[in-house]
Amino acid sequence: MTHGPIDFVALGFSGNQFKGEILPALIELVQNNIVRVIDLIIVIKDAEGEVVARELQQLNPEVIAVFDPLNVHISGMITMEDIELIGEELENNSTAALMLFENIWAIKFKEAVLNANGTLLVQGRIPPEIVEEAMAYSEQD
């Protein structure tokens with residue numbers, strides 16, 4: 001089975017305030033077969049700095065139901081080291097969502113490259129801020 005590239009994302013939320021905007025956008029990506037969520041862990045740092053991590057299946061049933069449309073496939077690829085690193089970086093009284101997602105959109109292209117005996121030489125990601133800066137610079141010309 002061919003897999004697409006897998007990305008690790010850690011999203012932080014100061015003050016544990018959630019507006020409900022992220023989950024619908026992520027659900028749309030999943031439903032449109034753009035990404036597949038393969039791991040999701042919630043890390044909470046309380047006001048005293050105590051860190052607690054919960055895998056999706058460890059959350060209470062009401063919270064699990066909210067995430068059901070994501071059809072998360074728990075892979076176990078997010079390690080305790082990842083969780084501890086993010087926990088150290090979190091401010092007190094905040095939450096992080098650690099997520100691995102597979103870029104399903106890339107699978108067909110990857111298969112075409114493999115069928116053509118191509119190989120991946122380099123892969124990288126340019127941060128959006130640098131792209132915006134470069135685009136603004138090129139528009140000045």
# chains A, B, ... in the order shown; residues from 1 in each chain; ligands from 1
call {"tool": "select_by_dssp", "arguments": {"residues": "chain A", "states": "alpha helix (DSSP H)", "output": "MDAnalysis selection string"}}
result
chainID A and resid 22:31 61:67 80:89 107:115 128:139
call {"tool": "write_last_selection", "arguments": {"atoms": "C-alpha atoms", "output": "PDB file, in the first residue's frame"}}
result
ATOM      1  CA  ILE A  22     -10.712  24.347  13.469  1.00  0.00           C
ATOM      2  CA  LEU A  23     -12.567  21.049  13.679  1.00  0.00           C
ATOM      3  CA  PRO A  24     -15.032  21.820  10.821  1.00  0.00           C
ATOM      4  CA  ALA A  25     -12.117  22.812   8.566  1.00  0.00           C
ATOM      5  CA  LEU A  26     -10.259  19.613   9.424  1.00  0.00           C
ATOM      6  CA  ILE A  27     -13.389  17.497   8.927  1.00  0.00           C
ATOM      7  CA  GLU A  28     -13.790  19.038   5.454  1.00  0.00           C
ATOM      8  CA  LEU A  29     -10.204  18.052   4.575  1.00  0.00           C
ATOM      9  CA  VAL A  30     -10.871  14.479   5.745  1.00  0.00           C
ATOM     10  CA  GLN A  31     -14.226  14.200   3.951  1.00  0.00           C
ATOM     11  CA  PRO A  61     -17.396   9.970  25.349  1.00  0.00           C
ATOM     12  CA  GLU A  62     -18.868  13.423  24.586  1.00  0.00           C
ATOM     13  CA  VAL A  63     -15.475  14.704  23.399  1.00  0.00           C
ATOM     14  CA  ILE A  64     -14.777  11.519  21.443  1.00  0.00           C
ATOM     15  CA  ALA A  65     -18.110  11.980  19.636  1.00  0.00           C
ATOM     16  CA  VAL A  66     -17.030  15.457  18.499  1.00  0.00           C
ATOM     17  CA  PHE A  67     -13.959  13.950  16.833  1.00  0.00           C
ATOM     18  CA  MET A  80       6.218  10.194  24.808  1.00  0.00           C
ATOM     19  CA  GLU A  81       9.262  12.253  23.840  1.00  0.00           C
ATOM     20  CA  ASP A  82       7.094  14.304  21.447  1.00  0.00           C
ATOM     21  CA  ILE A  83       4.473  14.789  24.155  1.00  0.00           C
ATOM     22  CA  GLU A  84       7.046  15.798  26.783  1.00  0.00           C
ATOM     23  CA  LEU A  85       8.711  18.271  24.397  1.00  0.00           C
ATOM     24  CA  ILE A  86       5.403  19.977  23.607  1.00  0.00           C
ATOM     25  CA  GLY A  87       4.387  19.888  27.283  1.00  0.00           C
ATOM     26  CA  GLU A  88       7.582  21.744  28.213  1.00  0.00           C
ATOM     27  CA  GLU A  89       6.918  24.405  25.579  1.00  0.00           C
ATOM     28  CA  ILE A 107      -0.632   9.317  -3.141  1.00  0.00           C
ATOM     29  CA  LYS A 108      -1.636   9.245  -6.824  1.00  0.00           C
ATOM     30  CA  PHE A 109       1.263  11.542  -7.737  1.00  0.00           C
ATOM     31  CA  LYS A 110       3.686   9.439  -5.685  1.00  0.00           C
ATOM     32  CA  GLU A 111       2.499   6.253  -7.427  1.00  0.00           C
ATOM     33  CA  ALA A 112       3.009   7.912 -10.818  1.00  0.00           C
ATOM     34  CA  VAL A 113       6.569   8.888  -9.872  1.00  0.00           C
ATOM     35  CA  LEU A 114       7.317   5.362  -8.617  1.00  0.00           C
ATOM     36  CA  ASN A 115       5.829   3.814 -11.773  1.00  0.00           C
ATOM     37  CA  PRO A 128       3.856  30.561   4.802  1.00  0.00           C
ATOM     38  CA  GLU A 129       5.478  33.737   6.143  1.00  0.00           C
ATOM     39  CA  ILE A 130       8.428  33.301   3.779  1.00  0.00           C
ATOM     40  CA  VAL A 131       6.104  32.591   0.838  1.00  0.00           C
ATOM     41  CA  GLU A 132       4.098  35.745   1.595  1.00  0.00           C
ATOM     42  CA  GLU A 133       7.266  37.807   1.854  1.00  0.00           C
ATOM     43  CA  ALA A 134       8.621  36.431  -1.438  1.00  0.00           C
ATOM     44  CA  MET A 135       5.294  36.993  -3.199  1.00  0.00           C
ATOM     45  CA  ALA A 136       5.062  40.557  -1.929  1.00  0.00           C
ATOM     46  CA  TYR A 137       8.638  41.184  -3.097  1.00  0.00           C
ATOM     47  CA  SER A 138       7.963  39.722  -6.565  1.00  0.00           C
ATOM     48  CA  GLU A 139       4.842  41.874  -6.940  1.00  0.00           C
TER      49      GLU A 139
END
call {"tool": "select_by_dssp", "arguments": {"residues": "chain A", "states": "strand (DSSP E)", "output": "number ranges by chain"}}
result
A: 6-14, 35-45, 51-55, 94-103
call {"tool": "closest_residue", "arguments": {"among": "A:Ile78, A:Pro69, A:Ala47, A:Asn32", "to": "A:Val9", "atoms": "only C-alpha atoms"}}
result
A:Ile78
